[in-house]
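Enquirer: This is target.csv, which holds CSV, C-alpha atoms:
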chain,number,residue,atom,x,y,z
C,3,MET,CA,-25.9,6.1,-2.8
C,4,PRO,CA,-22.8,3.9,-3.1
C,5,VAL,CA,-22.2,1.3,-0.4
C,6,GLN,CA,-19.7,1.9,2.5
C,7,PRO,CA,-16.6,-0.3,1.9
C,8,THR,CA,-15.1,-2.3,4.7
C,9,ILE,CA,-11.4,-1.7,5.1
C,10,ARG,CA,-9.1,-3.6,7.6
C,11,VAL,CA,-5.4,-3.6,8.0
C,12,GLN,CA,-4.4,-6.3,10.5
C,13,LYS,CA,-1.7,-8.7,11.7
C,14,ASP,CA,-4.1,-11.7,12.1
C,15,ASP,CA,-5.2,-14.0,9.3
C,16,PHE,CA,-8.7,-13.6,7.7
C,17,ASP,CA,-11.4,-16.0,6.6
C,18,ALA,CA,-12.2,-15.4,3.0
C,19,LEU,CA,-15.4,-17.5,3.1
C,20,ALA,CA,-16.7,-15.7,6.1
C,21,GLU,CA,-16.0,-12.3,4.6
C,22,SER,CA,-17.7,-13.4,1.4
C,23,LYS,CA,-20.7,-14.7,3.3
C,24,SER,CA,-21.1,-11.4,5.2
C,25,LEU,CA,-21.7,-9.6,1.9
C,26,THR,CA,-24.5,-12.0,0.8
C,27,GLU,CA,-26.2,-13.3,4.0
C,28,GLY,CA,-29.8,-12.2,4.5
C,29,ARG,CA,-30.2,-10.5,1.1
C,30,GLN,CA,-31.6,-11.5,-2.3
C,31,ASP,CA,-30.3,-8.7,-4.5
C,32,VAL,CA,-26.7,-10.0,-4.9
C,33,GLY,CA,-26.1,-12.0,-8.1
C,34,ALA,CA,-22.3,-12.1,-8.1
C,35,VAL,CA,-19.5,-12.2,-5.6
C,36,VAL,CA,-15.8,-12.1,-6.6
C,37,THR,CA,-13.3,-13.1,-4.0
C,38,PHE,CA,-9.6,-12.5,-4.6
C,39,THR,CA,-7.0,-13.8,-2.1
C,40,GLY,CA,-3.3,-12.9,-2.5
C,41,LEU,CA,-1.0,-15.5,-0.9
C,42,CYS,CA,2.6,-15.5,0.1
C,43,ARG,CA,4.3,-17.4,-2.7
C,44,ASP,CA,7.6,-19.4,-2.7
C,45,GLU,CA,8.4,-20.7,-6.2
C,46,ALA,CA,12.0,-21.8,-5.6
C,47,GLY,CA,11.8,-23.2,-2.1
C,48,THR,CA,14.1,-20.5,-0.9
C,49,LEU,CA,11.7,-18.2,1.1
C,50,SER,CA,11.4,-18.6,4.8
C,51,ALA,CA,8.9,-15.7,5.3
C,52,LEU,CA,7.8,-12.3,3.9
C,53,GLU,CA,7.8,-9.4,6.3
C,54,LEU,CA,5.1,-6.8,5.4
C,55,GLU,CA,5.8,-3.3,6.7
C,56,HIS,CA,3.0,-0.7,6.4
C,57,TYR,CA,2.4,3.0,7.2
C,58,PRO,CA,-0.3,2.8,9.9
C,59,GLY,CA,-3.0,5.3,9.3
C,60,MET,CA,-2.1,6.0,5.7
C,61,ALA,CA,-2.5,2.3,4.7
C,62,GLU,CA,-6.1,2.4,5.9
C,63,ALA,CA,-6.7,5.9,4.4
C,64,GLU,CA,-5.3,4.9,1.0
C,65,LEU,CA,-7.2,1.7,0.8
C,66,SER,CA,-10.4,3.7,1.7
C,67,ARG,CA,-9.7,6.2,-1.1
C,68,ILE,CA,-9.2,3.3,-3.7
C,69,ALA,CA,-12.4,1.5,-2.4
C,70,THR,CA,-14.4,4.7,-2.5
C,71,GLU,CA,-13.4,5.2,-6.1
C,72,ALA,CA,-14.4,1.6,-6.9
C,73,VAL,CA,-17.9,1.9,-5.4
C,74,ALA,CA,-18.4,5.2,-7.2
C,75,ARG,CA,-17.4,3.6,-10.5
C,76,TRP,CA,-19.3,0.2,-10.3
C,77,PRO,CA,-22.8,-0.6,-9.0
C,78,LEU,CA,-21.5,-2.7,-6.1
C,79,THR,CA,-23.7,-4.1,-3.3
C,80,GLY,CA,-20.6,-4.7,-1.1
C,81,LEU,CA,-16.9,-4.3,-1.0
C,82,SER,CA,-14.4,-5.5,1.6
C,83,VAL,CA,-10.6,-5.1,1.6
C,84,ILE,CA,-8.3,-6.7,4.2
C,85,HIS,CA,-4.5,-6.4,4.1
C,86,ARG,CA,-2.2,-8.2,6.6
C,87,TYR,CA,1.1,-6.9,7.9
C,88,GLY,CA,3.9,-8.6,9.9
C,89,LYS,CA,5.7,-11.9,9.2
C,90,ILE,CA,3.8,-14.1,6.7
C,91,LYS,CA,5.0,-17.6,5.7
C,92,PRO,CA,4.7,-19.2,2.3
C,93,GLY,CA,1.2,-20.4,1.7
C,94,GLU,CA,-0.4,-17.9,4.1
C,95,ASN,CA,-2.8,-15.2,3.2
C,96,ILE,CA,-1.7,-11.6,2.5
C,97,VAL,CA,-4.6,-9.7,1.0
C,98,LEU,CA,-8.3,-10.2,0.4
C,99,VAL,CA,-10.7,-8.3,-1.8
C,100,VAL,CA,-14.4,-9.2,-1.9
C,101,ALA,CA,-16.7,-7.4,-4.4
C,102,SER,CA,-20.4,-8.1,-4.7
C,103,SER,CA,-22.9,-6.8,-7.2
C,104,ALA,CA,-26.2,-7.7,-9.0
C,105,HIS,CA,-24.2,-8.8,-12.0
C,106,ARG,CA,-20.8,-10.4,-12.5
C,107,ARG,CA,-19.0,-7.8,-14.7
C,108,ALA,CA,-19.1,-5.1,-12.0
C,109,ALA,CA,-17.8,-7.5,-9.3
C,110,PHE,CA,-15.0,-8.8,-11.5
C,111,GLU,CA,-13.8,-5.4,-12.7
C,112,ALA,CA,-14.0,-3.7,-9.2
C,113,ALA,CA,-11.9,-6.5,-7.6
C,114,ASP,CA,-9.3,-6.2,-10.5
C,115,PHE,CA,-9.2,-2.4,-10.2
C,116,LEU,CA,-8.9,-2.6,-6.4
C,117,MET,CA,-5.9,-4.9,-6.6
C,118,ASP,CA,-4.1,-2.9,-9.4
C,119,PHE,CA,-4.3,0.3,-7.3
C,120,LEU,CA,-3.7,-1.4,-4.0
C,121,LYS,CA,-0.4,-2.7,-5.4
C,122,THR,CA,0.8,0.7,-6.7
C,123,ARG,CA,-0.6,3.1,-4.1
C,124,ALA,CA,-1.3,1.4,-0.8
C,125,PRO,CA,1.8,2.0,1.5
C,126,PHE,CA,2.9,-1.6,2.2
C,127,TRP,CA,6.4,-3.0,1.6
C,128,LYS,CA,7.6,-6.6,1.4
C,129,LYS,CA,10.9,-7.9,2.7
C,130,GLU,CA,12.0,-11.4,1.8
C,131,HIS,CA,13.7,-13.5,4.5
C,132,PRO,CA,15.5,-16.4,2.8
C,133,VAL,CA,15.7,-19.9,4.3
C,134,SER,CA,19.4,-20.0,4.2
C,135,GLY,CA,21.5,-17.6,6.4
C,136,ARG,CA,21.6,-15.0,3.6
C,137,ALA,CA,20.6,-11.4,4.2
C,138,SER,CA,16.9,-10.4,3.8
C,139,VAL,CA,16.1,-8.2,0.8
C,140,TRP,CA,13.4,-5.7,0.0
C,141,VAL,CA,11.1,-6.7,-2.9
C,142,GLU,CA,11.4,-4.3,-5.8
C,143,ALA,CA,8.3,-2.7,-7.4
C,144,LYS,CA,7.5,-4.0,-10.8
C,145,ALA,CA,6.9,-1.8,-13.8
C,146,ALA,CA,4.1,-4.2,-14.9
C,147,ASP,CA,2.1,-3.1,-11.8
C,148,ASP,CA,2.2,0.5,-13.0
C,149,THR,CA,1.1,-0.6,-16.5
C,150,ASP,CA,-1.8,-2.6,-14.9
C,151,ALA,CA,-3.0,0.4,-12.9
C,152,ALA,CA,-2.7,2.7,-16.0
C,153,ARG,CA,-5.2,0.4,-17.8
C,154,TRP,CA,-8.1,2.0,-15.8
C,155,LYS,CA,-7.3,5.6,-16.8
C,156,ASN,CA,-9.0,5.5,-20.2
C,157,THR,CA,-12.0,3.3,-19.5
M,24,MET,CA,8.0,18.9,11.3
M,25,ILE,CA,7.7,15.2,11.8
M,26,ILE,CA,9.5,13.2,9.1
M,27,ARG,CA,8.8,9.4,8.8
M,28,TYR,CA,10.7,6.8,6.9
M,29,PHE,CA,9.6,3.3,5.8
M,30,ALA,CA,11.3,0.2,4.4
M,31,TRP,CA,14.8,0.6,3.0
M,32,VAL,CA,14.6,4.4,3.3
M,33,ARG,CA,14.1,3.9,7.1
M,34,GLU,CA,17.0,1.4,7.3
M,35,ARG,CA,19.4,3.7,5.4
M,36,VAL,CA,18.5,6.8,7.5
M,37,GLY,CA,18.7,4.7,10.7
M,38,THR,CA,15.4,5.8,12.3
M,39,ASP,CA,11.7,5.5,11.6
M,40,GLU,CA,10.8,9.0,12.7
M,41,GLU,CA,12.4,12.3,13.6
M,42,THR,CA,11.4,15.9,14.2
M,43,ILE,CA,13.2,18.5,12.2
M,44,GLU,CA,13.3,22.3,12.3
M,45,LEU,CA,12.9,23.4,8.7
M,46,PRO,CA,14.9,26.4,7.4
M,47,GLU,CA,12.7,29.1,5.8
M,48,THR,CA,14.2,28.3,2.4
M,49,VAL,CA,12.5,24.9,2.5
M,50,GLN,CA,9.2,25.4,0.7
M,51,THR,CA,8.6,22.2,-1.3
M,52,VAL,CA,9.2,18.5,-0.8
M,53,ALA,CA,12.2,18.8,-3.2
M,54,ASP,CA,13.7,21.5,-1.0
M,55,LEU,CA,13.2,19.3,2.0
M,56,ILE,CA,15.0,16.3,0.3
M,57,GLY,CA,17.8,18.7,-0.5
M,58,HIS,CA,18.0,19.8,3.2
M,59,LEU,CA,17.8,16.2,4.6
M,60,LYS,CA,20.7,15.2,2.4
M,61,THR,CA,22.9,17.7,4.1
M,62,LEU,CA,22.2,16.4,7.6
M,63,ASP,CA,24.6,13.4,7.6
M,64,ALA,CA,26.0,10.5,5.6
M,65,ASN,CA,23.0,8.2,6.4
M,66,HIS,CA,20.5,10.8,5.1
M,67,ALA,CA,22.7,11.4,2.0
M,68,ALA,CA,22.8,7.6,1.3
M,69,ALA,CA,19.0,7.2,1.8
M,70,PHE,CA,18.3,10.0,-0.7
M,71,ALA,CA,21.0,9.2,-3.2
M,72,GLU,CA,18.6,7.6,-5.6
M,73,GLU,CA,15.9,10.3,-5.5
M,74,ASP,CA,13.9,8.9,-8.4
M,75,ALA,CA,13.4,5.7,-6.3
M,76,ILE,CA,11.7,7.6,-3.4
M,77,ARG,CA,8.0,8.3,-3.0
M,78,VAL,CA,6.5,11.0,-0.7
M,79,ALA,CA,3.4,11.5,1.3
M,80,VAL,CA,2.4,14.7,2.9
M,81,ASP,CA,-0.1,14.2,5.8
M,82,GLN,CA,-0.7,10.7,4.5
M,83,LEU,CA,-1.5,11.7,0.9
M,84,HIS,CA,0.7,10.8,-2.1
M,85,VAL,CA,2.3,13.9,-3.7
M,86,GLU,CA,5.0,14.7,-6.2
M,87,THR,CA,8.3,16.4,-5.1
M,88,ASP,CA,7.2,19.8,-6.4
M,89,ALA,CA,4.4,19.8,-3.8
M,90,LYS,CA,4.4,22.7,-1.3
M,91,ILE,CA,4.9,21.8,2.3
M,92,GLY,CA,2.8,24.6,3.7
M,93,SER,CA,1.3,23.8,7.1
M,94,ALA,CA,1.8,20.0,6.8
M,95,ARG,CA,2.3,18.1,10.1
M,96,GLU,CA,3.9,14.9,8.8
M,97,ILE,CA,6.0,14.0,5.7
M,98,ALA,CA,6.9,10.5,4.9
M,99,PHE,CA,9.5,9.1,2.5
M,100,PHE,CA,9.5,5.5,1.3
M,101,PRO,CA,10.3,3.3,-1.7
M,102,PRO,CA,7.7,2.4,-4.4
M,103,MET,CA,5.1,0.2,-2.8
M,104,THR,CA,5.1,-3.6,-3.0
M,105,GLY,CA,2.0,-4.7,-1.1
M,106,GLY,CA,-0.8,-7.0,-2.3
Rewrite the structure from the file as structure tokens, please.
Expert:
Amino acid sequence: MPVQPTIRVQKDDFDALAESKSLTEGRQDVGAVVTFTGLCRDEAGTLSALELEHYPGMAEAELSRIATEAVARWPLTGLSVIHRYGKIKPGENIVLVVASSAHRRAAFEAADFLMDFLKTRAPFWKKEHPVSGRASVWVEAKAADDTDAARWKNT
Amino acid sequence: MIIRYFAWVRERVGTDEETIELPETVQTVADLIGHLKTLDANHAAAFAEEDAIRVAVDQLHVETDAKIGSAREIAFFPPMTGG
């Protein structure tokens, strides 16, 4: 029986360490925990904030569908996915995936799989607000994200 | 039928949600896009690049040849950029 994944879509920040601990505390069967945190990045010093828009209801549903596939595919002992929405400043957290398993391979692969499908299928959109007075712009989807997701089709 | 829009599709249409009476000729998502384009200049602009638009019927991703059937809610949005 696969584990029940935890899915949260929220405005508030999250605590990656606390989420990781909650998958291991009080049990001895977990041998590996992979924690992935995606942050708001500003390489050129031109970004004031990202605005994350989401489709309430479908965002949670789609993350659940991806997570359900992950727990069916890998022998995980736990899986948590948290995605934030609203205005997020450079350096702040956007997304968290925590996958735990008896062995490392399943945890690594499940977290990687989760992120690839989250990026191409979960209904979230980023808008960049620049520091200067220039107009804000929607971030365009990258073809590389589709290629990354397609990697899992034949494995 | 409730139609919802997100991100730049929402901005171009000028609203995040609207309720539309569908003509009987509208059977598929592609038919619906064709119909929405005729409503006004904003809708026409929003759907000008049809290839750049993704669709969900009752919060499930579908292709544009999907039948609308008894769906309650159809959403249009650009390719997703979360994560």
Enquirer: Tell me which residues come within 12 Å of (-9.6, -3.2, -10.8), as a count of residues only, counting only C-alpha atoms in the file's coordinates.
Expert: 36
Enquirer: Using all atoms listed in the file, which of the listed residues (C:Val141, C:Arg86, C:Glu45, C:Val97) sits closest to C:Trp127?
Expert: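 Closest to C:Trp127 of all the choices is C:Val141.
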Enquirer: Would you mind telling me which residue in M:Val32, M:Ala79, M:His66, M:Thr48 lies nearest to M:Pro101 when using all atoms listed in the file?
Expert: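 Smallest separation from M:Pro101 among the options: M:Val32.
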Enquirer: Between atom CA of C:Ser50 and atom CA of C:Asp14, what is the spacing in Å?
Expert: 18.5 Å
Enquirer: Based on all atoms listed in the file, which of the residues in chain C come within 8 Å of chain M? I want them as a PDB file with C-alpha atoms, in the frame of the given file.
Expert:
ATOM      1  CA  GLY C  40      -3.300 -12.900  -2.500  1.00  0.00           C
ATOM      2  CA  LEU C  54       5.100  -6.800   5.400  1.00  0.00           C
ATOM      3  CA  GLU C  55       5.800  -3.300   6.700  1.00  0.00           C
ATOM      4  CA  HIS C  56       3.000  -0.700   6.400  1.00  0.00           C
ATOM      5  CA  TYR C  57       2.400   3.000   7.200  1.00  0.00           C
ATOM      6  CA  GLY C  59      -3.000   5.300   9.300  1.00  0.00           C
ATOM      7  CA  MET C  60      -2.100   6.000   5.700  1.00  0.00           C
ATOM      8  CA  ALA C  63      -6.700   5.900   4.400  1.00  0.00           C
ATOM      9  CA  GLU C  64      -5.300   4.900   1.000  1.00  0.00           C
ATOM     10  CA  HIS C  85      -4.500  -6.400   4.100  1.00  0.00           C
ATOM     11  CA  ILE C  96      -1.700 -11.600   2.500  1.00  0.00           C
ATOM     12  CA  VAL C  97      -4.600  -9.700   1.000  1.00  0.00           C
ATOM     13  CA  MET C 117      -5.900  -4.900  -6.600  1.00  0.00           C
ATOM     14  CA  LEU C 120      -3.700  -1.400  -4.000  1.00  0.00           C
ATOM     15  CA  LYS C 121      -0.400  -2.700  -5.400  1.00  0.00           C
ATOM     16  CA  THR C 122       0.800   0.700  -6.700  1.00  0.00           C
ATOM     17  CA  ARG C 123      -0.600   3.100  -4.100  1.00  0.00           C
ATOM     18  CA  ALA C 124      -1.300   1.400  -0.800  1.00  0.00           C
ATOM     19  CA  PRO C 125       1.800   2.000   1.500  1.00  0.00           C
ATOM     20  CA  PHE C 126       2.900  -1.600   2.200  1.00  0.00           C
ATOM     21  CA  TRP C 127       6.400  -3.000   1.600  1.00  0.00           C
ATOM     22  CA  LYS C 128       7.600  -6.600   1.400  1.00  0.00           C
ATOM     23  CA  TRP C 140      13.400  -5.700   0.000  1.00  0.00           C
ATOM     24  CA  VAL C 141      11.100  -6.700  -2.900  1.00  0.00           C
ATOM     25  CA  GLU C 142      11.400  -4.300  -5.800  1.00  0.00           C
ATOM     26  CA  ALA C 143       8.300  -2.700  -7.400  1.00  0.00           C
TER      27      ALA C 143
END
Enquirer: Using only C-alpha atoms, which residue out of M:Leu45, M:Ile56, M:Ala68, M:Ile76 lies closest to M:Ile25?
Expert: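 Answer, going by the shortest atom-to-atom distance: M:Leu45.
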Enquirer: Which residue gives the smallest distance to M:Asp74 among M:Thr51, M:Thr61, M:Thr87, M:Thr38, with all atoms listed in the file counted?
Expert: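 Of M:Thr51, M:Thr61, M:Thr87, M:Thr38, the one nearest M:Asp74, counting all atoms listed in the file, is M:Thr87.
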Enquirer: Rounded to one decimal in Å, what is the spacing between atom CA of C:Ala137 and atom CA of M:Arg35?
Expert: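 Rounded to one decimal, the two atoms are 15.2 Å apart.
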Enquirer: Nearest to M:Phe70: which of M:Val36, M:Ile91, M:Val52, M:Ile97 is it, counting only C-alpha atoms?
Expert: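 Under the stated criterion, the closest residue is M:Val36.
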Enquirer: Using only C-alpha atoms, determine which residues lie at most 7 Å from C:Gly80, disregarding the query and same-chain residues fewer than 6 positions distant; provide the list as a compact mmCIF listing (two decimals) with C-alpha atoms, in the frame of the given file.
Expert:
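Writing the result to selection21.txt gives the following:
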# COMPACT_ATOMS: atom_id res chain seq x y z
CA VAL C 5 -22.20 1.30 -0.40
CA PRO C 7 -16.60 -0.30 1.90
CA LEU C 25 -21.70 -9.60 1.90
CA ALA C 101 -16.70 -7.40 -4.40
CA SER C 102 -20.40 -8.10 -4.70
CA SER C 103 -22.90 -6.80 -7.20
Enquirer: Nearest residue to C:Asp17 out of C:Leu98, C:Ala104, C:Val139, C:Ala46, using all atoms listed in the file?
Expert: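 That would be C:Leu98, the residue with the smallest distance to C:Asp17.
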Enquirer: Set the distance at 9 Å and use all atoms listed in the file: which residues neighbour C:Glu62 once local chain neighbours fewer than 4 positions away are removed? I'd like the list as a short mmCIF file (atom, residue, chain, number, x, y, z; two decimals) with C-alpha atoms, in the coordinates of the input.
Expert:
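Result file follows (around09.cif):
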data_model
loop_
_atom_site.label_atom_id
_atom_site.label_comp_id
_atom_site.auth_asym_id
_atom_site.auth_seq_id
_atom_site.Cartn_x
_atom_site.Cartn_y
_atom_site.Cartn_z
CA ILE C 9 -11.40 -1.70 5.10
CA ARG C 10 -9.10 -3.60 7.60
CA VAL C 11 -5.40 -3.60 8.00
CA TYR C 57 2.40 3.00 7.20
CA PRO C 58 -0.30 2.80 9.90
CA SER C 66 -10.40 3.70 1.70
CA ARG C 67 -9.70 6.20 -1.10
CA ALA C 124 -1.30 1.40 -0.80
#
Enquirer: Between atom CA of C:Glu130 and atom CA of M:Glu34, what is the spacing in Å?
Expert: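 For atom CA of M:Glu34 relative to atom CA of C:Glu130, the distance reads 14.8 Å.
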Enquirer: Residues around (8.0, 13.8, 14.0), cut-off 7 Å, counting only C-alpha atoms - what are they as a ChimeraX atom specification?
Expert: /M:24-27,40-42,96
Enquirer: Residues near C:Asp44, anyone? I mean within 12 Å using only C-alpha atoms, not counting same-chain ones fewer than 2 positions away, as a count of residues only.
Expert: 18
Enquirer: Quick one: stretch 64-87 of chain M with N, CA and C atoms, as an mmCIF file, in the coordinates of the input?
Expert:
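File out.cif, as written:
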data_model
loop_
_atom_site.group_PDB
_atom_site.id
_atom_site.type_symbol
_atom_site.label_atom_id
_atom_site.label_comp_id
_atom_site.auth_asym_id
_atom_site.auth_seq_id
_atom_site.Cartn_x
_atom_site.Cartn_y
_atom_site.Cartn_z
ATOM 1 N N ALA M 64 25.715 11.480 6.653
ATOM 2 C CA ALA M 64 26.000 10.500 5.600
ATOM 3 C C ALA M 64 24.830 9.520 5.403
ATOM 4 N N ASN M 65 24.132 9.161 6.507
ATOM 5 C CA ASN M 65 23.000 8.200 6.400
ATOM 6 C C ASN M 65 21.879 8.830 5.550
ATOM 7 N N HIS M 66 21.531 10.083 5.847
ATOM 8 C CA HIS M 66 20.500 10.800 5.100
ATOM 9 C C HIS M 66 20.909 10.878 3.605
ATOM 10 N N ALA M 67 22.180 11.234 3.401
ATOM 11 C CA ALA M 67 22.700 11.400 2.000
ATOM 12 C C ALA M 67 22.566 10.069 1.277
ATOM 13 N N ALA M 68 22.883 8.945 1.956
ATOM 14 C CA ALA M 68 22.800 7.600 1.300
ATOM 15 C C ALA M 68 21.351 7.261 1.024
ATOM 16 N N ALA M 69 20.461 7.564 1.972
ATOM 17 C CA ALA M 69 19.000 7.200 1.800
ATOM 18 C C ALA M 69 18.435 7.941 0.599
ATOM 19 N N PHE M 70 18.863 9.181 0.384
ATOM 20 C CA PHE M 70 18.300 10.000 -0.700
ATOM 21 C C PHE M 70 19.143 10.040 -1.948
ATOM 22 N N ALA M 71 20.154 9.162 -2.013
ATOM 23 C CA ALA M 71 21.000 9.200 -3.200
ATOM 24 C C ALA M 71 20.292 8.896 -4.470
ATOM 25 N N GLU M 72 19.375 7.914 -4.421
ATOM 26 C CA GLU M 72 18.600 7.600 -5.600
ATOM 27 C C GLU M 72 17.213 8.297 -5.452
ATOM 28 N N GLU M 73 17.182 9.589 -5.724
ATOM 29 C CA GLU M 73 15.900 10.300 -5.500
ATOM 30 C C GLU M 73 14.756 9.839 -6.282
ATOM 31 N N ASP M 74 15.015 9.342 -7.505
ATOM 32 C CA ASP M 74 13.900 8.900 -8.400
ATOM 33 C C ASP M 74 13.217 7.650 -7.743
ATOM 34 N N ALA M 75 13.929 6.937 -6.862
ATOM 35 C CA ALA M 75 13.400 5.700 -6.300
ATOM 36 C C ALA M 75 12.573 5.992 -5.023
ATOM 37 N N ILE M 76 12.391 7.286 -4.692
ATOM 38 C CA ILE M 76 11.700 7.600 -3.400
ATOM 39 C C ILE M 76 10.356 8.250 -3.680
ATOM 40 N N ARG M 77 9.374 7.764 -2.924
ATOM 41 C CA ARG M 77 8.000 8.300 -3.000
ATOM 42 C C ARG M 77 7.749 9.116 -1.730
ATOM 43 N N VAL M 78 6.801 10.052 -1.830
ATOM 44 C CA VAL M 78 6.500 11.000 -0.700
ATOM 45 C C VAL M 78 5.059 11.070 -0.416
ATOM 46 N N ALA M 79 4.746 11.151 0.865
ATOM 47 C CA ALA M 79 3.400 11.500 1.300
ATOM 48 C C ALA M 79 3.414 12.630 2.242
ATOM 49 N N VAL M 80 2.546 13.610 1.992
ATOM 50 C CA VAL M 80 2.400 14.700 2.900
ATOM 51 C C VAL M 80 1.062 14.572 3.617
ATOM 52 N N ASP M 81 1.116 14.510 4.948
ATOM 53 C CA ASP M 81 -0.100 14.200 5.800
ATOM 54 C C ASP M 81 -0.859 13.045 5.207
ATOM 55 N N GLN M 82 -0.107 11.996 4.893
ATOM 56 C CA GLN M 82 -0.700 10.700 4.500
ATOM 57 C C GLN M 82 -1.375 10.712 3.139
ATOM 58 N N LEU M 83 -0.997 11.666 2.282
ATOM 59 C CA LEU M 83 -1.500 11.700 0.900
ATOM 60 C C LEU M 83 -0.293 11.682 -0.041
ATOM 61 N N HIS M 84 -0.376 10.838 -1.097
ATOM 62 C CA HIS M 84 0.700 10.800 -2.100
ATOM 63 C C HIS M 84 0.844 12.176 -2.756
ATOM 64 N N VAL M 85 2.088 12.647 -2.911
ATOM 65 C CA VAL M 85 2.300 13.900 -3.700
ATOM 66 C C VAL M 85 3.589 13.719 -4.517
ATOM 67 N N GLU M 86 3.773 14.667 -5.442
ATOM 68 C CA GLU M 86 5.000 14.700 -6.200
ATOM 69 C C GLU M 86 5.986 15.628 -5.470
ATOM 70 N N THR M 87 7.255 15.603 -5.887
ATOM 71 C CA THR M 87 8.300 16.400 -5.100
ATOM 72 C C THR M 87 8.141 17.872 -5.288
#
